[in-house]
>>> print(open('start_28.cif').read())   # mmCIF, C-alpha atoms and all ligand atoms
data_entry
#
loop_
_atom_site.label_atom_id
_atom_site.label_comp_id
_atom_site.auth_asym_id
_atom_site.auth_seq_id
_atom_site.Cartn_x
_atom_site.Cartn_y
_atom_site.Cartn_z
CA MET A 1 0.00 0.00 0.00
CA ARG A 2 1.19 3.50 -0.80
CA SER A 3 -0.01 6.19 1.61
CA LEU A 4 0.19 9.94 1.28
CA ILE A 5 -0.20 12.00 4.45
CA ILE A 6 -0.99 15.60 3.58
CA GLY A 7 0.08 17.74 6.53
CA GLY A 8 2.27 14.85 7.62
CA SER A 9 4.86 16.73 9.61
CA GLY A 10 2.38 17.94 12.23
CA PHE A 11 1.62 16.30 15.56
CA VAL A 12 -0.66 13.50 14.33
CA GLY A 13 1.12 13.07 11.00
CA THR A 14 4.43 12.02 12.51
CA TYR A 15 2.73 9.32 14.60
CA LEU A 16 0.56 8.22 11.69
CA GLU A 17 3.53 7.93 9.36
CA ARG A 18 5.37 5.75 11.83
CA HIS A 19 2.32 3.54 12.38
CA LEU A 20 1.66 3.07 8.66
CA ARG A 21 5.27 2.09 8.16
CA THR A 22 4.93 -0.61 10.81
CA LEU A 23 1.96 -1.91 8.79
CA GLY A 24 4.24 -2.15 5.75
CA HIS A 25 2.97 0.90 3.84
CA GLU A 26 5.21 2.93 1.56
CA THR A 27 4.80 6.36 3.16
CA HIS A 28 4.89 9.83 1.64
CA ILE A 29 4.30 12.96 3.68
CA THR A 30 3.85 16.58 2.76
CA LYS A 31 5.09 19.48 4.81
CA MET A 32 4.86 23.23 4.43
CA PRO A 33 7.89 24.54 2.53
CA LYS A 34 9.04 26.42 5.66
CA GLU A 35 8.69 23.41 7.97
CA ARG A 36 11.58 21.18 8.92
CA VAL A 37 11.38 17.46 9.53
CA GLY A 38 13.81 15.13 11.19
CA ARG A 39 15.79 15.64 14.34
CA ASN A 40 16.26 19.17 15.57
CA GLU A 41 16.63 21.05 18.82
CA THR A 42 13.18 22.63 18.97
CA GLY A 43 11.59 19.29 19.77
CA ARG A 44 8.82 19.87 17.22
CA TYR A 45 9.83 17.50 14.45
CA GLU A 46 12.25 15.29 16.24
CA GLN A 47 10.67 11.95 15.43
CA ASP A 48 12.39 9.75 12.91
CA ILE A 49 10.98 10.26 9.45
CA ALA A 50 11.72 7.53 6.96
CA ALA A 51 9.01 8.66 4.56
CA ALA A 52 9.48 10.45 1.27
CA VAL A 53 8.99 14.12 2.19
CA TRP A 54 7.38 16.59 -0.23
CA ASP A 55 6.91 20.34 0.10
CA LEU A 56 3.30 21.33 -0.43
CA ASP A 57 1.06 24.29 0.32
CA ILE A 58 -2.49 23.00 -0.11
CA LEU A 59 -3.63 26.47 -1.12
CA ASP A 60 -1.80 25.84 -4.39
CA ALA A 61 -4.36 23.72 -6.26
CA LYS A 62 -2.03 22.91 -9.16
CA ALA A 63 0.71 21.74 -6.82
CA VAL A 64 -1.75 19.48 -4.97
CA SER A 65 -2.87 17.99 -8.25
CA ARG A 66 0.68 17.48 -9.55
CA LEU A 67 1.76 15.72 -6.39
CA ILE A 68 -1.19 13.31 -6.27
CA GLU A 69 -0.74 12.60 -9.99
CA ARG A 70 2.93 11.82 -9.39
CA ILE A 71 2.66 9.68 -6.24
CA GLN A 72 -0.51 7.76 -7.19
CA PRO A 73 -1.26 6.77 -3.59
CA ASP A 74 -3.78 4.13 -2.58
CA TYR A 75 -4.66 6.05 0.58
CA ILE A 76 -4.64 9.78 1.26
CA PHE A 77 -4.82 10.99 4.84
CA HIS A 78 -5.74 14.67 4.72
CA LEU A 79 -4.43 16.16 7.95
CA ALA A 80 -3.24 19.56 6.73
CA ALA A 81 -5.14 22.23 8.58
CA GLN A 82 -5.08 25.40 10.54
CA SER A 83 -5.80 23.29 13.61
CA SER A 84 -5.93 25.85 16.41
CA VAL A 85 -9.26 27.18 17.69
CA VAL A 86 -7.49 30.20 19.18
CA VAL A 87 -5.82 31.09 15.87
CA SER A 88 -9.13 30.57 14.06
CA TRP A 89 -10.61 33.54 15.98
CA GLU A 90 -7.60 35.65 15.07
CA ARG A 91 -7.34 34.54 11.42
CA PRO A 92 -10.77 33.35 10.28
CA GLY A 93 -10.11 33.91 6.58
CA LEU A 94 -6.88 31.95 6.57
CA THR A 95 -8.52 29.15 8.60
CA ALA A 96 -11.37 28.90 6.09
CA ASP A 97 -8.94 28.95 3.16
CA ILE A 98 -6.75 26.15 4.51
CA ASN A 99 -9.47 23.98 6.01
CA ILE A 100 -12.14 24.33 3.32
CA ARG A 101 -10.50 25.44 0.08
CA GLY A 102 -7.48 23.22 0.81
CA SER A 103 -9.74 20.16 1.20
CA ILE A 104 -11.49 20.98 -2.06
CA HIS A 105 -8.11 21.10 -3.79
CA VAL A 106 -7.36 17.59 -2.52
CA LEU A 107 -10.77 16.21 -3.51
CA GLU A 108 -10.65 17.82 -6.95
CA ALA A 109 -7.18 16.42 -7.59
CA VAL A 110 -8.35 12.93 -6.59
CA ARG A 111 -11.49 13.23 -8.71
CA ARG A 112 -9.38 13.73 -11.84
CA GLN A 113 -7.34 10.54 -11.29
CA LYS A 114 -8.09 7.30 -13.11
CA LYS A 115 -7.02 5.29 -10.11
CA LYS A 116 -9.50 4.99 -7.23
CA MET A 117 -7.89 6.49 -4.16
CA ARG A 118 -9.34 6.29 -0.67
CA VAL A 119 -9.35 9.67 1.10
CA LEU A 120 -9.69 10.16 4.84
CA LEU A 121 -10.70 13.72 5.76
CA ILE A 122 -9.86 14.59 9.33
CA GLY A 123 -12.48 16.67 11.13
CA SER A 124 -13.02 17.41 14.77
CA GLY A 125 -15.27 16.73 17.77
CA GLU A 126 -15.48 20.53 17.99
CA GLU A 127 -17.92 20.32 15.07
CA TYR A 128 -20.75 19.30 17.43
CA GLY A 129 -20.41 22.54 19.40
CA LYS A 130 -22.89 23.16 22.19
CA ILE A 131 -24.04 19.65 23.02
CA SER A 132 -27.09 19.39 25.29
CA GLN A 133 -27.00 16.97 28.25
CA GLU A 134 -29.40 14.58 26.46
CA GLU A 135 -27.02 14.30 23.51
CA VAL A 136 -24.02 13.14 25.57
CA PRO A 137 -22.26 11.01 24.38
CA VAL A 138 -22.59 12.65 21.00
CA CYS A 139 -23.10 10.35 18.01
CA GLU A 140 -22.38 11.03 14.35
CA GLU A 141 -26.03 11.76 13.54
CA CYS A 142 -26.35 14.48 16.21
CA ARG A 143 -26.91 18.02 15.02
CA VAL A 144 -23.74 20.05 14.57
CA ARG A 145 -23.76 23.53 16.09
CA PRO A 146 -20.18 24.75 15.68
CA GLY A 147 -19.26 27.30 18.33
CA ASN A 148 -16.06 28.64 16.80
CA ILE A 149 -14.56 29.38 13.41
CA TYR A 150 -12.29 26.32 13.38
CA ALA A 151 -15.27 24.03 14.07
CA ALA A 152 -17.36 25.70 11.37
CA THR A 153 -14.64 25.11 8.77
CA LYS A 154 -14.42 21.44 9.76
CA VAL A 155 -18.21 21.03 9.49
CA CYS A 156 -17.93 22.46 6.02
CA GLN A 157 -15.08 20.07 5.14
CA ASN A 158 -17.19 17.15 6.35
CA MET A 159 -20.20 18.19 4.27
CA ILE A 160 -18.08 18.68 1.17
CA GLY A 161 -16.46 15.26 1.65
CA ALA A 162 -19.91 13.62 1.87
CA ILE A 163 -21.01 15.46 -1.28
CA TYR A 164 -17.97 14.26 -3.26
CA ALA A 165 -18.64 10.69 -2.11
CA GLN A 166 -22.30 10.94 -3.09
CA ALA A 167 -22.11 12.98 -6.27
CA TYR A 168 -19.03 11.39 -7.81
CA GLY A 169 -19.01 7.97 -6.12
CA MET A 170 -15.61 8.83 -4.66
CA ASP A 171 -14.05 6.79 -1.89
CA VAL A 172 -14.05 9.51 0.76
CA LEU A 173 -14.45 8.93 4.50
CA MET A 174 -14.71 11.56 7.21
CA VAL A 175 -13.66 11.37 10.82
CA ARG A 176 -14.42 13.62 13.75
CA ALA A 177 -11.43 13.36 16.04
CA PHE A 178 -11.98 14.50 19.60
CA ASN A 179 -9.08 15.93 21.65
CA HIS A 180 -5.97 13.93 20.96
CA ILE A 181 -2.98 14.17 23.21
CA GLY A 182 0.50 12.79 23.64
CA PRO A 183 4.21 13.55 23.77
CA LYS A 184 5.43 16.16 21.24
CA GLN A 185 2.14 18.04 21.03
CA SER A 186 2.32 21.81 20.70
CA PRO A 187 1.91 23.62 24.05
CA ILE A 188 -1.01 25.58 22.61
CA PHE A 189 -3.07 22.50 23.58
CA VAL A 190 -4.13 22.07 27.19
CA LEU A 191 -2.32 18.92 28.41
CA SER A 192 0.93 19.86 26.73
CA ASP A 193 0.63 23.40 28.13
CA PHE A 194 0.17 22.12 31.70
CA CYS A 195 3.04 19.63 31.33
CA ARG A 196 5.37 22.28 29.98
CA GLN A 197 4.58 24.66 32.83
CA THR A 198 5.08 21.84 35.36
CA ALA A 199 8.42 20.81 33.85
CA GLU A 200 9.59 24.43 33.94
CA ILE A 201 8.57 24.78 37.60
CA GLU A 202 10.39 21.53 38.47
CA ALA A 203 13.52 22.79 36.73
CA GLY A 204 13.34 26.08 38.68
CA LYS A 205 12.78 28.01 35.44
CA LYS A 206 9.36 29.36 36.37
CA GLU A 207 7.60 30.46 39.57
CA ALA A 208 5.41 27.72 41.10
CA VAL A 209 2.16 28.90 39.55
CA ILE A 210 0.27 27.11 36.76
CA LYS A 211 -1.91 29.38 34.68
CA THR A 212 -5.04 27.70 33.40
CA GLY A 213 -8.19 28.40 31.43
CA ASN A 214 -11.58 26.90 32.27
CA LEU A 215 -10.90 23.89 34.52
CA ASP A 216 -14.55 22.82 34.55
CA ALA A 217 -14.74 22.10 30.82
CA LYS A 218 -15.08 18.36 30.19
CA ARG A 219 -13.39 16.94 27.13
CA ASP A 220 -12.88 13.54 25.54
CA PHE A 221 -9.12 12.86 25.42
CA THR A 222 -7.50 10.06 23.41
CA ASP A 223 -3.83 9.22 23.04
CA VAL A 224 -2.57 10.14 19.58
CA ARG A 225 -1.18 6.61 19.10
CA ASP A 226 -4.68 5.17 19.54
CA VAL A 227 -6.04 7.81 17.17
CA VAL A 228 -3.67 6.90 14.34
CA ARG A 229 -4.48 3.20 14.76
CA ALA A 230 -8.13 4.11 14.23
CA TYR A 231 -7.28 6.07 11.07
CA ALA A 232 -5.40 3.13 9.61
CA LEU A 233 -8.23 0.72 10.47
CA LEU A 234 -10.77 3.03 8.90
CA THR A 235 -8.91 3.07 5.60
CA GLU A 236 -9.13 -0.74 5.61
CA LYS A 237 -12.65 -1.19 6.93
CA GLY A 238 -14.55 2.12 6.86
CA LYS A 239 -17.46 2.80 4.50
CA ALA A 240 -17.21 5.55 1.87
CA GLY A 241 -19.36 8.63 2.50
CA GLU A 242 -19.62 7.92 6.23
CA THR A 243 -18.43 9.94 9.22
CA TYR A 244 -16.81 8.27 12.23
CA ASN A 245 -16.19 9.72 15.69
CA ILE A 246 -12.75 8.97 17.13
CA GLY A 247 -12.45 9.50 20.86
CA SER A 248 -12.16 7.67 24.14
CA GLY A 249 -15.89 7.69 24.86
CA HIS A 250 -15.30 9.36 28.26
CA ALA A 251 -15.32 13.07 29.05
CA VAL A 252 -12.78 14.12 31.69
CA ARG A 253 -12.73 17.43 33.55
CA VAL A 254 -9.70 19.49 32.54
CA GLY A 255 -9.16 20.18 36.26
CA ASP A 256 -8.87 16.42 36.89
CA ILE A 257 -6.07 16.19 34.35
CA LEU A 258 -4.28 18.99 36.15
CA GLN A 259 -4.76 17.02 39.37
CA MET A 260 -3.12 13.96 37.72
CA ILE A 261 -0.15 16.12 36.78
CA LEU A 262 0.02 17.55 40.29
CA GLU A 263 0.18 13.99 41.67
CA GLN A 264 3.04 13.10 39.31
CA SER A 265 4.91 16.35 39.84
CA LYS A 266 8.08 16.52 41.91
CA VAL A 267 7.11 19.97 43.23
CA LYS A 268 4.03 21.68 44.61
CA PHE A 269 2.47 24.48 42.60
CA ARG A 270 -0.37 26.96 42.84
CA ILE A 271 -3.16 27.07 40.26
CA GLU A 272 -4.24 30.44 38.91
CA THR A 273 -7.01 30.94 36.36
CA ASP A 274 -6.04 33.23 33.54
CA PRO A 275 -8.97 34.93 31.73
CA LYS A 276 -6.78 35.14 28.60
CA LYS A 277 -6.86 31.33 28.40
CA PHE A 278 -10.68 31.18 28.34
CA ARG A 279 -11.97 30.59 24.84
CA PRO A 280 -14.92 32.57 23.54
CA LEU A 281 -18.08 30.38 23.45
CA ASP A 282 -16.47 27.55 25.46
CA VAL A 283 -18.58 24.37 25.37
CA PRO A 284 -19.05 22.70 28.81
CA VAL A 285 -19.06 18.97 27.90
CA ILE A 286 -17.81 17.17 24.81
CA GLU A 287 -17.89 13.35 24.84
CA ALA A 288 -17.86 11.01 21.86
CA ASP A 289 -20.11 8.07 21.15
CA ILE A 290 -17.55 5.77 19.53
CA ARG A 291 -19.71 2.72 18.89
CA LYS A 292 -19.76 3.24 15.12
CA VAL A 293 -15.99 3.06 14.62
CA CYS A 294 -15.60 0.27 17.18
CA GLU A 295 -18.29 -1.88 15.57
CA ARG A 296 -17.06 -1.26 12.04
CA THR A 297 -13.31 -1.74 12.63
CA GLY A 298 -12.86 -3.53 15.97
CA TRP A 299 -10.83 -0.56 17.25
CA ILE A 300 -10.71 0.16 20.94
CA PRO A 301 -8.48 2.77 22.60
CA GLN A 302 -5.74 1.05 24.61
CA ILE A 303 -3.58 3.74 26.19
CA SER A 304 -4.74 5.09 29.55
CA LEU A 305 -4.96 8.79 30.31
CA GLU A 306 -2.48 8.27 33.17
CA GLN A 307 0.09 6.84 30.75
CA THR A 308 -0.35 9.70 28.28
CA VAL A 309 -0.05 12.30 31.04
CA ARG A 310 3.09 10.62 32.42
CA GLU A 311 4.77 10.35 29.02
CA THR A 312 3.85 13.90 28.01
CA LEU A 313 5.24 15.23 31.28
CA ASP A 314 8.43 13.18 30.88
CA ASP A 315 8.82 14.48 27.33
CA TRP A 316 8.57 18.09 28.59
CA ARG A 317 11.02 17.36 31.42
CA GLU A 318 13.51 16.13 28.86
CA LYS A 319 12.92 19.13 26.56
CA VAL A 320 13.20 21.65 29.40
CA ASN A 321 16.45 19.99 30.53
CA ARG A 322 17.78 20.42 27.00
CA GLY A 323 17.02 24.13 27.28
CA TYR A 324 13.88 24.24 25.13
CA ARG A 325 11.32 26.92 26.06
O1 LIG A 401 0.86 25.23 10.45
P1 LIG A 401 2.10 24.41 10.29
O2 LIG A 401 3.23 25.12 9.60
O3 LIG A 401 2.51 23.67 11.56
O4 LIG A 401 1.75 23.24 9.22
C1 LIG A 401 0.59 22.46 9.44
C2 LIG A 401 0.07 21.94 8.12
N1 LIG A 401 -0.50 23.03 7.33
C3 LIG A 401 -0.47 23.02 5.98
N2 LIG A 401 -0.03 22.10 5.10
C4 LIG A 401 -0.14 22.39 3.80
N3 LIG A 401 -0.64 23.54 3.34
C5 LIG A 401 -1.11 24.50 4.17
N4 LIG A 401 -1.58 25.65 3.70
C6 LIG A 401 -1.03 24.25 5.57
N5 LIG A 401 -1.34 24.96 6.69
C7 LIG A 401 -1.01 24.20 7.74
O5 LIG A 401 -0.88 20.96 8.49
C8 LIG A 401 0.83 21.15 10.16
O6 LIG A 401 2.06 20.57 9.83
C9 LIG A 401 -0.32 20.27 9.63
C10 LIG A 401 -1.40 20.09 10.65
O7 LIG A 401 -0.80 19.56 11.78
P2 LIG A 401 -1.08 20.10 13.26
O8 LIG A 401 -1.40 21.55 13.21
O9 LIG A 401 0.03 19.62 14.13
O10 LIG A 401 -2.43 19.36 13.61
P3 LIG A 401 -2.62 17.91 14.23
O11 LIG A 401 -2.82 18.03 15.68
O12 LIG A 401 -1.59 16.99 13.70
O13 LIG A 401 -4.04 17.54 13.63
C11 LIG A 401 -4.17 16.85 12.40
C12 LIG A 401 -5.61 16.99 11.92
C13 LIG A 401 -5.98 18.43 11.59
O14 LIG A 401 -6.80 18.40 10.45
C14 LIG A 401 -6.77 18.87 12.78
O15 LIG A 401 -7.64 19.91 12.47
C15 LIG A 401 -7.50 17.59 13.14
O16 LIG A 401 -6.52 16.57 12.92
O17 LIG A 401 -7.91 17.56 14.47
#
>>> encode(input="start_28.cif", output="structure tokens")
Amino acid sequence: MRSLIIGGSGFVGTYLERHLRTLGHETHITKMPKERVGRNETGRYEQDIAAAVWDLDILDAKAVSRLIERIQPDYIFHLAAQSSVVVSWERPGLTADINIRGSIHVLEAVRRQKKKMRVLLIGSGEEYGKISQEEVPVCEECRVRPGNIYAATKVCQNMIGAIYAQAYGMDVLMVRAFNHIGPKQSPIFVLSDFCRQTAEIEAGKKEAVIKTGNLDAKRDFTDVRDVVRAYALLTEKGKAGETYNIGSGHAVRVGDILQMILEQSKVKFRIETDPKKFRPLDVPVIEADIRKVCERTGWIPQISLEQTVRETLDDWREKVNRGYR
């Protein structure tokens, strides 16, 4: 099998590439021309990359088309995105361009190929937005009420993917990935942010105060290594035109994760809420109903939250010791 991961040098892409290789796939990844891959001192792209690496900006429709024409993959994992909710408020136009227009470029390029290629479009649990208590855990058929710009662009991507599958008989599947976490994640995401602050406090590089946003928000966290296993299984066993939730099936209070870190920390720290870390239109509870993916593929998440927290904290300890900030 030949797999192309578009946006493959990001957080999920590096894990997915490694997993696909263990399954025997020939792997190709794209990265932004300015991005680096391979080992470096920033810690961002330090995983081993044995894939063929291609520069690609998905806003360049011709370049997307040329690359897909050249590689002729069996599977395309479309991960490239402006993936930050915070940035989506600051740069809504860019977020819409990358997440919607970029996906159309991929689908159009695939549509023009003779070979049938299976495309997995990666969406988000954020698409459901303000879920009512009766809807928890939220299933794929629930109404989507996106509460931020990022979520709205992912809803749009999902709808467009379903239309391409329906209208052109294309082999397109959509996923809604809930919060995924793990070592090497950017500290703009909550667990990584807490672990970085903790590692800095332990190393005496920061005063013993952890700044947090809304600790009462409940989110569905899954280890990134479980998430990429689900993606691979879906390309084998998923049904075209369908959407699949990927999550743990359990919502956890963000404050409880901080408590887990506190228990694993070598030092005591104070918790301070920072209004700047509160997102506009924050949604109180997001929890996935994951029966559809489990029944279809046999996938079940295997890595505990405790393990992910421990490994993410250890990763930050190591990075802070190396002088990364
Ligand atoms: O923003 P950068 O420089 O880190 O690059 C990101 C890349 N990307 C693009 N690739 C091609 N053309 C573009 N115009 C473009 N803009 C951004 O997509 C990054 O390397 C990758 C996305 O990776 P992350 O931001 O690390 O997201 P993550 O956590 O790996 O999530 C993967 C997918 C995304 O579609 C999320 O929205 C979804 O899972 O949750």
>>> closest_atom_pairs(input="start_28.cif", of="chain A", to="ligand LIG 401 (chain A)", cutoff="9 Å", atoms="all atoms listed in the file", output="JSON lines")
{"residue": "A:Ile6", "atom": "CA", "partner": "A:LIG401", "partner_atom": "N2", "distance": 6.7}
{"residue": "A:Gly7", "atom": "CA", "partner": "A:LIG401", "partner_atom": "O5", "distance": 3.9}
{"residue": "A:Gly8", "atom": "CA", "partner": "A:LIG401", "partner_atom": "O6", "distance": 6.1}
{"residue": "A:Ser9", "atom": "CA", "partner": "A:LIG401", "partner_atom": "O6", "distance": 4.8}
{"residue": "A:Gly10", "atom": "CA", "partner": "A:LIG401", "partner_atom": "O9", "distance": 3.5}
{"residue": "A:Phe11", "atom": "CA", "partner": "A:LIG401", "partner_atom": "O12", "distance": 3.8}
{"residue": "A:Val12", "atom": "CA", "partner": "A:LIG401", "partner_atom": "O12", "distance": 3.7}
{"residue": "A:Gly13", "atom": "CA", "partner": "A:LIG401", "partner_atom": "O12", "distance": 5.5}
{"residue": "A:Thr14", "atom": "CA", "partner": "A:LIG401", "partner_atom": "O12", "distance": 7.9}
{"residue": "A:Tyr15", "atom": "CA", "partner": "A:LIG401", "partner_atom": "O12", "distance": 8.8}
{"residue": "A:Thr30", "atom": "CA", "partner": "A:LIG401", "partner_atom": "C4", "distance": 7.1}
{"residue": "A:Lys31", "atom": "CA", "partner": "A:LIG401", "partner_atom": "N2", "distance": 5.8}
{"residue": "A:Met32", "atom": "CA", "partner": "A:LIG401", "partner_atom": "N2", "distance": 5.1}
{"residue": "A:Pro33", "atom": "CA", "partner": "A:LIG401", "partner_atom": "C4", "distance": 8.4}
{"residue": "A:Lys34", "atom": "CA", "partner": "A:LIG401", "partner_atom": "O2", "distance": 7.1}
{"residue": "A:Glu35", "atom": "CA", "partner": "A:LIG401", "partner_atom": "O2", "distance": 5.9}
{"residue": "A:Asp55", "atom": "CA", "partner": "A:LIG401", "partner_atom": "C4", "distance": 8.2}
{"residue": "A:Leu56", "atom": "CA", "partner": "A:LIG401", "partner_atom": "C4", "distance": 5.6}
{"residue": "A:Asp57", "atom": "CA", "partner": "A:LIG401", "partner_atom": "N3", "distance": 3.5}
{"residue": "A:Ile58", "atom": "CA", "partner": "A:LIG401", "partner_atom": "N3", "distance": 4.0}
{"residue": "A:Leu59", "atom": "CA", "partner": "A:LIG401", "partner_atom": "N4", "distance": 5.3}
{"residue": "A:Asp60", "atom": "CA", "partner": "A:LIG401", "partner_atom": "N4", "distance": 8.1}
{"residue": "A:His78", "atom": "CA", "partner": "A:LIG401", "partner_atom": "O14", "distance": 6.9}
{"residue": "A:Leu79", "atom": "CA", "partner": "A:LIG401", "partner_atom": "O14", "distance": 4.1}
{"residue": "A:Ala80", "atom": "CA", "partner": "A:LIG401", "partner_atom": "O5", "distance": 3.3}
{"residue": "A:Ala81", "atom": "CA", "partner": "A:LIG401", "partner_atom": "O5", "distance": 4.4}
{"residue": "A:Gln82", "atom": "CA", "partner": "A:LIG401", "partner_atom": "C7", "distance": 5.1}
{"residue": "A:Ser83", "atom": "CA", "partner": "A:LIG401", "partner_atom": "O15", "distance": 4.0}
{"residue": "A:Ser84", "atom": "CA", "partner": "A:LIG401", "partner_atom": "O8", "distance": 7.0}
{"residue": "A:Leu94", "atom": "CA", "partner": "A:LIG401", "partner_atom": "N4", "distance": 8.7}
{"residue": "A:Thr95", "atom": "CA", "partner": "A:LIG401", "partner_atom": "N5", "distance": 8.5}
{"residue": "A:Asp97", "atom": "CA", "partner": "A:LIG401", "partner_atom": "N4", "distance": 8.1}
{"residue": "A:Ile98", "atom": "CA", "partner": "A:LIG401", "partner_atom": "N4", "distance": 5.3}
{"residue": "A:Asn99", "atom": "CA", "partner": "A:LIG401", "partner_atom": "O14", "distance": 7.6}
{"residue": "A:Gly102", "atom": "CA", "partner": "A:LIG401", "partner_atom": "N4", "distance": 7.0}
{"residue": "A:Leu121", "atom": "CA", "partner": "A:LIG401", "partner_atom": "O14", "distance": 7.7}
{"residue": "A:Ile122", "atom": "CA", "partner": "A:LIG401", "partner_atom": "O14", "distance": 5.0}
{"residue": "A:Gly123", "atom": "CA", "partner": "A:LIG401", "partner_atom": "C15", "distance": 5.4}
{"residue": "A:Ser124", "atom": "CA", "partner": "A:LIG401", "partner_atom": "O17", "distance": 5.1}
{"residue": "A:Gly125", "atom": "CA", "partner": "A:LIG401", "partner_atom": "O17", "distance": 8.1}
{"residue": "A:Glu126", "atom": "CA", "partner": "A:LIG401", "partner_atom": "O17", "distance": 8.9}
{"residue": "A:Tyr150", "atom": "CA", "partner": "A:LIG401", "partner_atom": "O15", "distance": 8.0}
{"residue": "A:Ala151", "atom": "CA", "partner": "A:LIG401", "partner_atom": "O15", "distance": 8.8}
{"residue": "A:Lys154", "atom": "CA", "partner": "A:LIG401", "partner_atom": "O15", "distance": 7.5}
{"residue": "A:Arg176", "atom": "CA", "partner": "A:LIG401", "partner_atom": "O17", "distance": 7.6}
{"residue": "A:Ala177", "atom": "CA", "partner": "A:LIG401", "partner_atom": "O17", "distance": 5.7}
{"residue": "A:Phe178", "atom": "CA", "partner": "A:LIG401", "partner_atom": "O17", "distance": 7.2}
{"residue": "A:Asn179", "atom": "CA", "partner": "A:LIG401", "partner_atom": "O17", "distance": 7.5}
{"residue": "A:His180", "atom": "CA", "partner": "A:LIG401", "partner_atom": "O11", "distance": 7.4}
{"residue": "A:Ile181", "atom": "CA", "partner": "A:LIG401", "partner_atom": "O11", "distance": 8.5}
{"residue": "A:Gln185", "atom": "CA", "partner": "A:LIG401", "partner_atom": "O11", "distance": 7.3}
{"residue": "A:Ser186", "atom": "CA", "partner": "A:LIG401", "partner_atom": "O9", "distance": 7.3}
{"residue": "A:Val224", "atom": "CA", "partner": "A:LIG401", "partner_atom": "O11", "distance": 8.8}
>>> closest_residue(input="start_28.cif", among="A:Val138, A:Ile163, A:Val64, A:Leu262", to="His250 of chain A", atoms="all atoms listed in the file")
A:Val138
>>> atom_distance(input="start_28.cif", atom1="atom CA of Lys211 of chain A", atom2="atom CA of Arg225 of chain A")
27.6 Å
>>> closest_residue(input="start_28.cif", among="A:Ile131, A:Ala51, A:Arg21, A:Arg112", to="Ser65 of chain A", atoms="all atoms listed in the file")
A:Arg112
>>> residues_near_point(input="start_28.cif", point="(-0.8, 12.7, -3.9)", cutoff="10 Å", atoms="all atoms listed in the file", output="VMD selection string")
chain A and resid 2 to 6 28 to 30 54 63 to 77 106 109 to 110 117
>>> closest_residue(input="start_28.cif", among="A:Gly213, A:Gly323, A:Gly298, A:Gly247", to="Lys276 of chain A", atoms="all atoms listed in the file")
A:Gly213
>>> atom_distance(input="start_28.cif", atom1="atom CA of Arg322 of chain A", atom2="atom CA of Glu200 of chain A")
11.5 Å
>>> residues_near_point(input="start_28.cif", point="(11.9, 18.4, 26.8)", cutoff="10 Å", atoms="only C-alpha atoms", output="PyMOL selection string")
chain A and resi 41-43+183-184+196+199-200+312-325
>>> write_last_selection(input="start_28.cif", atoms="C-alpha atoms", output="mmCIF file, keeping the file's coordinate frame")
data_model
loop_
_atom_site.group_PDB
_atom_site.id
_atom_site.type_symbol
_atom_site.label_atom_id
_atom_site.label_comp_id
_atom_site.auth_asym_id
_atom_site.auth_seq_id
_atom_site.Cartn_x
_atom_site.Cartn_y
_atom_site.Cartn_z
ATOM 1 C CA GLU A 41 16.630 21.050 18.820
ATOM 2 C CA THR A 42 13.180 22.630 18.970
ATOM 3 C CA GLY A 43 11.590 19.290 19.770
ATOM 4 C CA PRO A 183 4.210 13.550 23.770
ATOM 5 C CA LYS A 184 5.430 16.160 21.240
ATOM 6 C CA ARG A 196 5.370 22.280 29.980
ATOM 7 C CA ALA A 199 8.420 20.810 33.850
ATOM 8 C CA GLU A 200 9.590 24.430 33.940
ATOM 9 C CA THR A 312 3.850 13.900 28.010
ATOM 10 C CA LEU A 313 5.240 15.230 31.280
ATOM 11 C CA ASP A 314 8.430 13.180 30.880
ATOM 12 C CA ASP A 315 8.820 14.480 27.330
ATOM 13 C CA TRP A 316 8.570 18.090 28.590
ATOM 14 C CA ARG A 317 11.020 17.360 31.420
ATOM 15 C CA GLU A 318 13.510 16.130 28.860
ATOM 16 C CA LYS A 319 12.920 19.130 26.560
ATOM 17 C CA VAL A 320 13.200 21.650 29.400
ATOM 18 C CA ASN A 321 16.450 19.990 30.530
ATOM 19 C CA ARG A 322 17.780 20.420 27.000
ATOM 20 C CA GLY A 323 17.020 24.130 27.280
ATOM 21 C CA TYR A 324 13.880 24.240 25.130
ATOM 22 C CA ARG A 325 11.320 26.920 26.060
#
>>> residues_around(input="start_28.cif", residues="segment 252-260 of chain A", least_positions_apart="4", cutoff="12 Å", atoms="all atoms listed in the file", output="count of residues only")
48
>>> closest_residue(input="start_28.cif", among="A:Val175, A:Ile188, A:Val227, A:Ala165", to="Leu107 of chain A", atoms="only C-alpha atoms")
A:Ala165
>>> atom_distance(input="start_28.cif", atom1="atom CA of Leu20 of chain A", atom2="atom CA of Val228 of chain A")
8.7 Å
